[in-house]
file start_13.txt (compact mmCIF, C-alpha atoms)
# COMPACT_ATOMS: atom_id res chain seq x y z
CA MET A 1 0.00 0.00 0.00
CA MET A 2 1.15 3.48 -0.77
CA GLY A 3 0.89 4.97 2.68
CA ASN A 4 -0.86 8.19 3.42
CA ASP A 5 2.43 10.00 3.78
CA TRP A 6 2.87 9.93 0.01
CA GLN A 7 -0.25 12.02 -0.49
CA GLU A 8 1.72 15.04 0.66
CA ASN A 9 4.09 16.47 -1.96
CA ASP A 10 7.07 17.15 0.31
CA ASN A 11 6.87 13.66 1.79
CA LEU A 12 6.63 12.01 -1.60
CA LEU A 13 9.59 13.96 -2.94
CA ARG A 14 11.60 13.05 0.17
CA ALA A 15 10.71 9.36 -0.23
CA LEU A 16 11.69 9.53 -3.89
CA ASP A 17 14.94 11.21 -2.98
CA GLU A 18 15.77 8.43 -0.51
CA ALA A 19 14.75 5.77 -3.03
CA VAL A 20 17.03 7.02 -5.79
CA ARG A 21 19.94 7.32 -3.35
CA THR A 22 19.47 3.77 -2.07
CA PRO A 23 21.62 1.24 -3.91
CA ASP A 24 19.51 -1.37 -5.65
CA PRO A 25 19.97 -4.67 -3.72
CA THR A 26 18.95 -6.91 -6.63
CA PRO A 27 21.71 -9.49 -7.22
CA PRO A 28 23.27 -9.22 -10.70
CA ALA A 29 22.49 -12.91 -11.31
CA VAL A 30 18.76 -12.24 -10.86
CA LEU A 31 18.89 -9.43 -13.41
CA GLU A 32 20.91 -11.59 -15.78
CA ALA A 33 18.42 -14.46 -15.49
CA ALA A 34 15.56 -12.08 -16.30
CA ARG A 35 17.41 -10.79 -19.37
CA ALA A 36 18.27 -14.32 -20.47
CA VAL A 37 14.72 -15.69 -20.57
CA TYR A 38 14.04 -13.50 -23.59
CA THR A 39 15.53 -16.32 -25.67
CA TRP A 40 12.39 -18.34 -24.82
CA ARG A 41 10.26 -15.93 -26.83
CA THR A 42 8.27 -17.82 -29.45
CA VAL A 43 6.78 -15.95 -32.32
CA ASP A 44 4.31 -18.15 -34.11
CA ALA A 45 3.31 -20.75 -31.56
CA GLU A 46 0.17 -20.77 -29.47
CA LEU A 47 0.76 -21.09 -25.76
CA ALA A 48 -0.39 -24.11 -23.78
CA GLU A 49 -0.53 -22.71 -20.26
CA LEU A 50 -0.07 -24.64 -17.07
CA VAL A 51 -3.54 -25.39 -15.76
CA HIS A 52 -2.73 -28.04 -13.20
CA ASP A 53 0.24 -29.00 -11.07
CA SER A 54 -0.41 -31.75 -8.55
CA ARG A 55 2.32 -30.38 -6.34
CA ALA A 56 0.51 -27.06 -5.97
CA GLU A 57 -2.74 -28.55 -4.72
CA THR A 58 -4.33 -27.20 -1.60
CA ALA A 59 -2.80 -27.65 1.81
CA ALA A 60 -5.69 -29.83 2.94
CA LEU A 61 -5.00 -32.36 0.21
CA ALA A 62 -1.30 -32.04 0.87
CA GLY A 63 -1.77 -33.30 4.40
CA LEU A 64 -3.62 -36.38 3.19
CA ARG A 65 -1.25 -37.27 0.45
CA ALA A 66 2.13 -36.39 1.77
CA GLU A 67 3.10 -39.98 2.50
CA GLU A 68 2.10 -41.39 -0.82
CA ALA A 69 4.95 -39.97 -2.85
CA GLU A 70 2.79 -40.21 -5.92
CA LEU A 71 3.75 -39.21 -9.41
CA ARG A 72 3.71 -35.47 -9.94
CA THR A 73 1.39 -34.55 -12.78
CA LEU A 74 1.24 -31.38 -14.84
CA SER A 75 -1.31 -30.26 -17.41
CA PHE A 76 -0.76 -27.63 -20.08
CA ALA A 77 -3.76 -26.58 -22.12
CA ALA A 78 -4.24 -24.72 -25.37
CA PRO A 79 -7.44 -24.58 -27.43
CA GLY A 80 -7.79 -28.05 -28.91
CA LEU A 81 -4.83 -29.65 -27.18
CA THR A 82 -3.82 -30.68 -23.70
CA VAL A 83 -0.29 -31.81 -22.86
CA GLU A 84 -0.22 -34.00 -19.77
CA LEU A 85 3.11 -34.73 -18.12
CA GLY A 86 3.87 -37.24 -15.38
CA VAL A 87 7.17 -36.85 -13.60
CA SER A 88 8.97 -39.93 -12.39
CA PRO A 89 12.54 -40.05 -11.13
CA SER A 90 13.68 -41.71 -14.34
CA ALA A 91 11.53 -40.12 -17.01
CA LEU A 92 8.98 -37.56 -18.06
CA LEU A 93 5.93 -39.39 -19.37
CA GLY A 94 3.82 -37.35 -21.74
CA LEU A 95 0.36 -37.62 -23.21
CA LEU A 96 -1.16 -35.49 -25.95
CA VAL A 97 -4.95 -35.18 -25.81
CA PRO A 98 -6.25 -35.69 -28.40
CA PRO A 99 -3.52 -37.80 -30.00
CA GLY A 100 -2.38 -36.86 -33.46
CA PRO A 101 1.08 -35.35 -33.73
CA ALA A 102 3.74 -37.97 -34.47
CA GLU A 103 6.43 -36.12 -32.57
CA VAL A 104 7.05 -33.37 -30.06
CA THR A 105 10.01 -31.06 -29.81
CA LEU A 106 11.69 -30.76 -26.45
CA ARG A 107 13.53 -27.52 -25.84
CA LEU A 108 16.06 -27.29 -23.02
CA ASP A 109 17.81 -24.55 -21.11
CA GLY A 110 20.57 -23.30 -23.35
CA GLY A 111 18.47 -23.65 -26.47
CA GLN A 112 19.16 -27.27 -27.45
CA THR A 113 16.18 -29.03 -28.97
CA SER A 114 15.44 -32.67 -29.59
CA THR A 115 12.67 -34.52 -31.30
CA VAL A 116 10.72 -37.13 -29.37
CA PRO A 117 8.44 -39.65 -31.12
CA VAL A 118 4.78 -39.86 -30.06
CA ASP A 119 2.84 -43.12 -30.42
CA GLU A 120 -0.64 -43.44 -31.85
CA ASP A 121 -2.22 -43.08 -28.41
CA GLY A 122 -0.49 -39.73 -27.93
CA CYS A 123 2.11 -41.06 -25.48
CA PHE A 124 5.73 -40.02 -25.41
CA ARG A 125 8.66 -40.49 -23.05
CA ILE A 126 11.52 -38.18 -22.20
CA ALA A 127 14.33 -39.84 -20.27
CA PRO A 128 15.96 -38.69 -18.16
CA PRO A 129 13.63 -35.84 -17.07
CA PRO A 130 14.93 -32.44 -18.17
CA VAL A 131 17.02 -30.49 -15.73
CA GLY A 132 16.31 -26.78 -15.60
CA LEU A 133 13.92 -24.94 -17.88
CA PHE A 134 12.21 -26.81 -20.68
CA SER A 135 9.23 -26.59 -23.01
CA VAL A 136 7.44 -29.09 -25.20
CA ALA A 137 6.19 -28.06 -28.62
CA CYS A 138 4.26 -29.85 -31.31
CA GLU A 139 2.51 -29.23 -34.59
CA LEU A 140 -1.17 -30.07 -34.80
CA PRO A 141 -2.83 -31.39 -37.93
CA GLY A 142 -3.46 -28.31 -40.03
CA GLY A 143 -0.13 -26.77 -39.12
CA ARG A 144 -0.93 -25.02 -35.84
CA GLN A 145 2.15 -24.76 -33.61
CA VAL A 146 1.55 -25.20 -29.90
CA VAL A 147 4.17 -24.82 -27.18
CA THR A 148 3.84 -25.34 -23.46
CA SER A 149 4.75 -22.69 -20.93
CA THR A 150 8.42 -22.87 -20.09
CA PHE A 151 8.71 -24.91 -16.94
CA ARG A 152 11.18 -26.14 -14.38
CA LEU A 153 10.50 -29.40 -12.53
CA MET B 1 -4.14 16.39 -14.59
CA ILE B 2 -1.85 16.97 -17.48
CA ASP B 3 -2.64 14.11 -19.78
CA GLY B 4 -3.41 15.49 -23.19
CA ASP B 5 -3.95 18.90 -21.74
CA PRO B 6 -3.43 21.51 -24.45
CA ALA B 7 -0.92 24.13 -23.46
CA GLY B 8 -3.46 26.89 -23.73
CA ARG B 9 -5.89 25.44 -21.23
CA THR B 10 -3.20 24.74 -18.68
CA ALA B 11 -1.76 28.18 -19.13
CA GLY B 12 -5.17 29.61 -18.41
CA ARG B 13 -5.37 27.68 -15.18
CA ASP B 14 -1.84 28.36 -14.11
CA PRO B 15 -1.23 32.04 -13.53
CA ASN B 16 2.53 31.56 -13.64
CA ALA B 17 2.70 29.71 -16.91
CA VAL B 18 3.57 31.59 -20.05
CA PRO B 19 1.27 30.75 -22.93
CA ALA B 20 2.79 28.96 -25.88
CA GLY B 21 3.69 31.06 -28.85
CA ILE B 22 4.80 34.09 -26.90
CA PRO B 23 8.42 34.94 -27.72
CA GLY B 24 10.63 33.64 -24.94
CA GLY B 25 7.69 31.85 -23.41
CA VAL B 26 7.63 28.18 -22.64
CA PRO B 27 4.72 25.96 -23.47
CA PRO B 28 4.19 24.57 -19.99
CA ASP B 29 2.96 21.10 -20.65
CA GLU B 30 3.66 19.91 -24.15
CA ASP B 31 6.74 18.04 -23.09
CA PHE B 32 4.93 16.50 -20.15
CA ALA B 33 1.82 15.36 -21.88
CA ALA B 34 2.69 12.74 -24.42
CA SER B 35 5.30 10.55 -22.83
CA ASP B 36 4.89 7.57 -20.54
CA GLY B 37 8.59 7.19 -19.98
CA GLY B 38 8.76 4.97 -23.05
CA LEU B 39 6.74 2.10 -21.57
CA THR B 40 4.54 1.65 -24.63
CA ALA B 41 7.51 1.78 -26.97
CA LEU B 42 9.54 -0.64 -24.85
CA LEU B 43 6.75 -3.18 -24.66
CA THR B 44 5.95 -2.91 -28.36
CA SER B 45 9.60 -3.27 -29.33
CA ALA B 46 10.19 -6.17 -26.96
CA ALA B 47 7.15 -7.96 -28.39
CA ALA B 48 8.58 -7.40 -31.86
CA GLY B 49 11.91 -9.01 -31.00
CA ASP B 50 14.09 -6.14 -29.79
CA ALA B 51 16.29 -7.58 -27.04
CA ARG B 52 17.48 -4.11 -25.99
CA ALA B 53 13.89 -3.12 -25.23
CA TRP B 54 13.50 -6.31 -23.22
CA ASN B 55 16.65 -5.54 -21.27
CA ALA B 56 15.37 -2.05 -20.56
CA LEU B 57 12.12 -3.48 -19.18
CA VAL B 58 14.15 -5.84 -17.00
CA GLU B 59 16.33 -3.00 -15.76
CA ARG B 60 13.28 -0.94 -14.87
CA TYR B 61 11.06 -3.58 -13.27
CA ALA B 62 13.16 -6.57 -12.18
CA PRO B 63 14.27 -4.86 -8.93
CA LEU B 64 10.62 -4.40 -7.98
CA VAL B 65 9.78 -8.03 -8.76
CA TYR B 66 12.76 -9.05 -6.65
CA ALA B 67 11.75 -6.77 -3.77
CA THR B 68 8.20 -8.13 -3.80
CA CYS B 69 9.50 -11.71 -3.55
CA ARG B 70 11.68 -10.68 -0.63
CA ARG B 71 8.69 -9.10 1.12
CA TRP B 72 7.04 -12.49 0.82
CA ARG B 73 10.04 -13.77 2.77
CA LEU B 74 11.25 -16.06 0.03
CA ASP B 75 14.86 -16.98 0.52
CA ALA B 76 17.50 -16.06 -2.02
CA ALA B 77 17.19 -19.24 -4.10
CA ASP B 78 13.38 -19.18 -4.18
CA THR B 79 13.40 -15.49 -5.02
CA ALA B 80 15.69 -16.15 -7.96
CA ASP B 81 13.38 -18.95 -9.17
CA VAL B 82 10.18 -16.94 -8.83
CA SER B 83 11.73 -13.91 -10.45
CA GLN B 84 12.87 -15.93 -13.43
CA THR B 85 9.42 -17.51 -13.71
CA VAL B 86 7.73 -14.11 -13.69
CA TRP B 87 9.92 -12.91 -16.56
CA LEU B 88 9.28 -16.15 -18.44
CA ARG B 89 5.55 -15.55 -18.10
CA LEU B 90 6.07 -12.06 -19.50
CA VAL B 91 8.03 -13.43 -22.47
CA GLU B 92 5.14 -15.78 -23.16
CA ASN B 93 2.57 -13.02 -22.89
CA LEU B 94 4.40 -10.17 -24.63
CA GLY B 95 2.13 -10.33 -27.65
CA ARG B 96 -1.00 -10.44 -25.54
CA LEU B 97 -0.57 -7.45 -23.28
CA ARG B 98 -2.73 -4.97 -25.14
CA GLU B 99 -2.48 -2.16 -22.61
CA PRO B 100 1.14 -1.22 -21.84
CA GLN B 101 0.10 0.79 -18.79
CA ALA B 102 -1.18 -2.43 -17.27
CA LEU B 103 2.28 -4.02 -17.28
CA PRO B 104 3.34 -3.01 -13.75
CA GLY B 105 0.07 -4.34 -12.33
CA TRP B 106 0.43 -7.52 -14.37
CA LEU B 107 3.98 -8.04 -13.12
CA ARG B 108 2.86 -7.53 -9.56
CA THR B 109 -0.10 -9.90 -9.82
CA THR B 110 2.07 -12.53 -11.49
CA THR B 111 4.80 -12.19 -8.87
CA VAL B 112 2.34 -12.63 -6.02
CA ARG B 113 0.71 -15.59 -7.77
CA GLU B 114 4.05 -17.32 -8.26
CA CYS B 115 5.02 -16.65 -4.63
CA THR B 116 1.72 -18.19 -3.59
CA ARG B 117 2.24 -21.17 -5.88
CA LEU B 118 5.63 -21.81 -4.35
CA TYR B 119 4.17 -21.48 -0.88
CA HIS B 120 1.57 -24.16 -1.61
CA ALA B 121 4.11 -26.42 -3.31
CA GLN B 122 6.36 -26.29 -0.29
CA ARG B 123 3.52 -26.93 2.12
CA ARG B 124 2.64 -29.91 -0.03
CA GLU B 125 6.10 -31.30 0.48
CA ARG B 126 6.41 -30.38 4.14
CA PRO B 127 2.85 -30.07 5.41
CA ASP B 128 3.81 -30.20 9.07
CA ASP B 129 6.59 -27.75 8.81
CA LEU B 130 5.21 -24.90 10.84
CA VAL B 131 8.44 -23.01 10.54
CA ALA B 132 8.19 -23.09 6.77
CA HIS B 133 4.58 -21.97 7.03
CA LEU B 134 5.47 -18.99 9.14
CA ALA B 135 8.40 -18.15 6.96
CA ARG B 136 6.19 -18.06 3.88
CA SER B 137 3.54 -15.61 4.94
CA PRO B 138 3.88 -12.18 3.39
CA ASP B 139 5.53 -9.55 5.40
CA ASP B 140 3.32 -7.52 7.69
CA GLY B 141 5.75 -4.89 8.83
CA ALA B 142 5.66 -6.05 12.42
CA GLY B 143 9.39 -6.29 13.03
CA PRO B 144 12.42 -4.27 12.06
CA VAL B 145 13.43 -6.74 9.36
CA ASP B 146 9.90 -6.69 7.97
CA GLY B 147 9.96 -2.93 7.99
CA ARG B 148 13.15 -2.93 5.96
CA LEU B 149 11.70 -5.35 3.39
CA ILE B 150 8.65 -3.13 2.96
CA ALA B 151 10.85 -0.05 2.67
CA ASP B 152 12.96 -1.83 0.04
CA GLU B 153 9.87 -2.69 -1.95
CA ARG B 154 8.54 0.86 -1.75
CA ALA B 155 11.90 2.26 -2.80
CA ALA B 156 12.04 -0.14 -5.78
CA ALA B 157 8.51 0.92 -6.73
CA LEU B 158 9.41 4.61 -6.53
CA ARG B 159 12.45 4.10 -8.77
CA ALA B 160 10.34 2.23 -11.34
CA ALA B 161 7.61 4.87 -11.11
CA LEU B 162 10.15 7.64 -11.68
CA ALA B 163 11.22 5.89 -14.88
CA GLU B 164 7.60 5.96 -16.04
CA LEU B 165 7.50 9.75 -15.96
CA PRO B 166 8.10 11.93 -19.01
CA ASP B 167 11.70 12.97 -19.39
CA ARG B 168 10.98 16.57 -18.46
CA CYS B 169 9.39 15.49 -15.16
CA ARG B 170 12.33 13.26 -14.37
CA ARG B 171 14.76 16.10 -15.01
CA LEU B 172 12.78 18.56 -12.93
CA LEU B 173 12.41 16.18 -9.98
CA GLY B 174 16.08 15.24 -10.30
CA LEU B 175 17.12 18.86 -9.99
CA LEU B 176 14.73 19.42 -7.09
CA MET B 177 16.28 16.45 -5.27
CA SER B 178 19.90 17.36 -5.91
CA ASP B 179 22.19 17.92 -2.96
CA PRO B 180 23.00 20.75 -2.48
CA PRO B 181 19.64 22.01 -3.71
CA THR B 182 19.53 23.57 -7.14
CA SER B 183 18.21 27.13 -7.06
CA TYR B 184 15.01 27.89 -8.92
CA ALA B 185 16.98 30.33 -11.07
CA ASP B 186 19.37 27.54 -12.02
CA ILE B 187 16.53 25.09 -12.70
CA SER B 188 14.81 27.75 -14.76
CA ALA B 189 17.92 28.22 -16.87
CA ARG B 190 18.62 24.52 -17.28
CA LEU B 191 15.10 23.47 -18.21
CA GLY B 192 14.06 26.65 -19.98
CA MET B 193 11.19 26.89 -17.55
CA PRO B 194 9.98 30.17 -16.01
CA CYS B 195 10.71 30.33 -12.28
CA GLY B 196 7.04 30.77 -11.58
CA ALA B 197 6.23 27.53 -13.37
CA ILE B 198 8.60 25.39 -11.32
CA GLY B 199 6.33 25.08 -8.29
CA PRO B 200 3.22 24.15 -10.29
CA ASN B 201 5.20 21.75 -12.46
CA ARG B 202 6.71 20.14 -9.36
CA ALA B 203 3.19 19.51 -8.09
CA ARG B 204 2.09 18.16 -11.48
CA CYS B 205 5.03 15.78 -11.73
CA LEU B 206 4.47 14.46 -8.21
CA ASP B 207 0.79 13.96 -9.03
CA ARG B 208 1.86 12.13 -12.10
CA LEU B 209 4.18 9.98 -9.98
CA ARG B 210 1.28 9.04 -7.70
CA GLY B 211 -0.77 8.15 -10.75
CA SER B 212 1.99 6.12 -12.40
CA PRO B 213 1.16 2.52 -13.31
CA THR B 214 3.66 1.19 -10.79
CA LEU B 215 2.45 3.20 -7.81
CA ARG B 216 -1.16 2.50 -8.70
CA ALA B 217 -0.37 -1.21 -8.76
CA LEU B 218 1.31 -0.91 -5.36
CA LEU B 219 -1.65 1.05 -4.01
CA THR B 220 -4.19 -1.61 -4.94
CA ASP B 221 -2.12 -4.41 -3.46
CA ALA B 222 -3.82 -4.59 -0.08
CA ASP B 223 -6.09 -7.24 -1.53
CA PRO B 224 -6.80 -10.27 0.72
CA GLN B 225 -6.49 -12.62 -2.27
CA ASP B 226 -2.82 -11.87 -2.31
CA ARG B 227 -2.48 -13.86 0.87
CA PRO B 228 -1.71 -17.53 0.55

call {"tool": "encode", "arguments": {"input": "start_13.txt", "output": "structure tokens"}}
result
Amino acid sequence: MMGNDWQENDNLLRALDEAVRTPDPTPPAVLEAARAVYTWRTVDAELAELVHDSRAETAALAGLRAEEAELRTLSFAAPGLTVELGVSPSALLGLLVPPGPAEVTLRLDGGQTSTVPVDEDGCFRIAPPPVGLFSVACELPGGRQVVTSTFRL
Amino acid sequence: MIDGDPAGRTAGRDPNAVPAGIPGGVPPDEDFAASDGGLTALLTSAAAGDARAWNALVERYAPLVYATCRRWRLDAADTADVSQTVWLRLVENLGRLREPQALPGWLRTTTVRECTRLYHAQRRERPDDLVAHLARSPDDGAGPVDGRLIADERAAALRAALAELPDRCRRLLGLLMSDPPTSYADISARLGMPCGAIGPNRARCLDRLRGSPTLRALLTDADPQDRP
């Protein structure tokens, strides 16, 4: 909240004066990371946004399930396509709903990409699971490009 | 209010302003009216692929994103993660932000949402960890450390808000804040602004600061939904 003291001109100017004289405490690495994510900009692809992350469920559910150590599941949705991901220690198991694309493109931190085959049921497997930021892209029948939000496990 | 205010009208309201067109006179508001500190241009250029514009947005707003994470008592590593995520979300949404003035509010909302998401994720992993719970509630200003985190966030917001002002406002406020103080005669000479217009323009620029997208976003952030 702004604080009532800023409603008065002299106080606001004094606060501004202090603010511009205060060294910015943001670590250079944080600024560099923010600059660097610009390389994840995609021009022509539609975004499949994260709509579900089992790890972020409510605290009440968390208490019930904490001992089960179940598979973490993620869902990314775009119009006409959902990308489901299950995270196991050894692999990322993916499912395209509806099935269709014969391959997905995995993009990793640093910009490397690899092509992963998708079976007729829409299933694919990425092993080992990606470390750091990644996204999964595919081309739908008709040529639409869809890419998931960039994510870190 | 100076947005789109023709020089003539403002001059009529401000007895000290010299109407435009008079030899030696200074149009009081033309230089103040149009600019938003380049926010629209930066966002448009960044959406079009200009990395320098992106870097300028980061330079202006990343310290505020960082300070907000810190106020939520995230530790250094979590703050770095959330900050990076917020900027990733912006990269993904660059083409969809239709209203550039909404960017500071969008960044703030996204930062708080990601802090909240992290909070829930960590409670999921350590549901009985009361210490973690307490450590993850947003800062309420109760203690001296909390007070410093809030002050840091407000200072970061003021610096970002200052950058959102038209160049002429930034220069005027900069001169008014200089130490030792710049005399009105000196300011008048440097900015080509009549002495009598300095006071009214100071008030206008401070009003404009209060109405900046960043300070408005900060002002509306007492919302209960921001709490985890």

call {"tool": "residues_around", "arguments": {"input": "start_13.txt", "residues": "Arg89 in chain B", "least_positions_apart": "5", "cutoff": "9 Å", "atoms": "all atoms listed in the file", "output": "PyMOL selection string"}}
result
(chain A and resi 149-150) or (chain B and resi 84+94+110)

call {"tool": "residues_around", "arguments": {"input": "start_13.txt", "residues": "range 77-93 of chain A", "least_positions_apart": "3", "cutoff": "10 Å", "atoms": "all atoms listed in the file", "output": "VMD selection string"}}
result
chain A and resid 46 to 54 70 to 74 96 to 100 122 to 130 136 to 138 140 146 to 149 153

call {"tool": "interface_residues", "arguments": {"input": "start_13.txt", "of": "chain B", "to": "chain A", "cutoff": "8 Å", "atoms": "all atoms listed in the file", "output": "NGL selection string"}}
result
:B and (51 or 54-55 or 58-59 or 62-63 or 66-67 or 80 or 83-84 or 87-89 or 91-92 or 117-118 or 120-121 or 123-128 or 154-156 or 158-159 or 173 or 177 or 203 or 206 or 210 or 215 or 218-222)

call {"tool": "atom_distance", "arguments": {"input": "start_13.txt", "atom1": "CA of Gln101 in chain B", "atom2": "CA of Arg202 in chain B"}}
result
22.5 Å

call {"tool": "atom_distance", "arguments": {"input": "start_13.txt", "atom1": "CA of Thr182 in chain B", "atom2": "CA of Asp5 in chain A"}}
result
24.4 Å

call {"tool": "atom_distance", "arguments": {"input": "start_13.txt", "atom1": "CA of Ala161 in chain B", "atom2": "CA of Thr214 in chain B"}}
result
5.4 Å

call {"tool": "residues_near_point", "arguments": {"input": "start_13.txt", "point": "(11.1, 29.2, -11.3)", "cutoff": "12 Å", "atoms": "all atoms listed in the file", "output": "compact mmCIF listing (two decimals) with C-alpha atoms, in the frame of the given file"}}
result
# COMPACT_ATOMS: atom_id res chain seq x y z
CA ASN B 16 2.53 31.56 -13.64
CA ALA B 17 2.70 29.71 -16.91
CA VAL B 18 3.57 31.59 -20.05
CA VAL B 26 7.63 28.18 -22.64
CA LEU B 172 12.78 18.56 -12.93
CA LEU B 176 14.73 19.42 -7.09
CA THR B 182 19.53 23.57 -7.14
CA SER B 183 18.21 27.13 -7.06
CA TYR B 184 15.01 27.89 -8.92
CA ALA B 185 16.98 30.33 -11.07
CA ASP B 186 19.37 27.54 -12.02
CA ILE B 187 16.53 25.09 -12.70
CA SER B 188 14.81 27.75 -14.76
CA ALA B 189 17.92 28.22 -16.87
CA ARG B 190 18.62 24.52 -17.28
CA LEU B 191 15.10 23.47 -18.21
CA GLY B 192 14.06 26.65 -19.98
CA MET B 193 11.19 26.89 -17.55
CA PRO B 194 9.98 30.17 -16.01
CA CYS B 195 10.71 30.33 -12.28
CA GLY B 196 7.04 30.77 -11.58
CA ALA B 197 6.23 27.53 -13.37
CA ILE B 198 8.60 25.39 -11.32
CA GLY B 199 6.33 25.08 -8.29
CA PRO B 200 3.22 24.15 -10.29
CA ASN B 201 5.20 21.75 -12.46
CA ARG B 202 6.71 20.14 -9.36
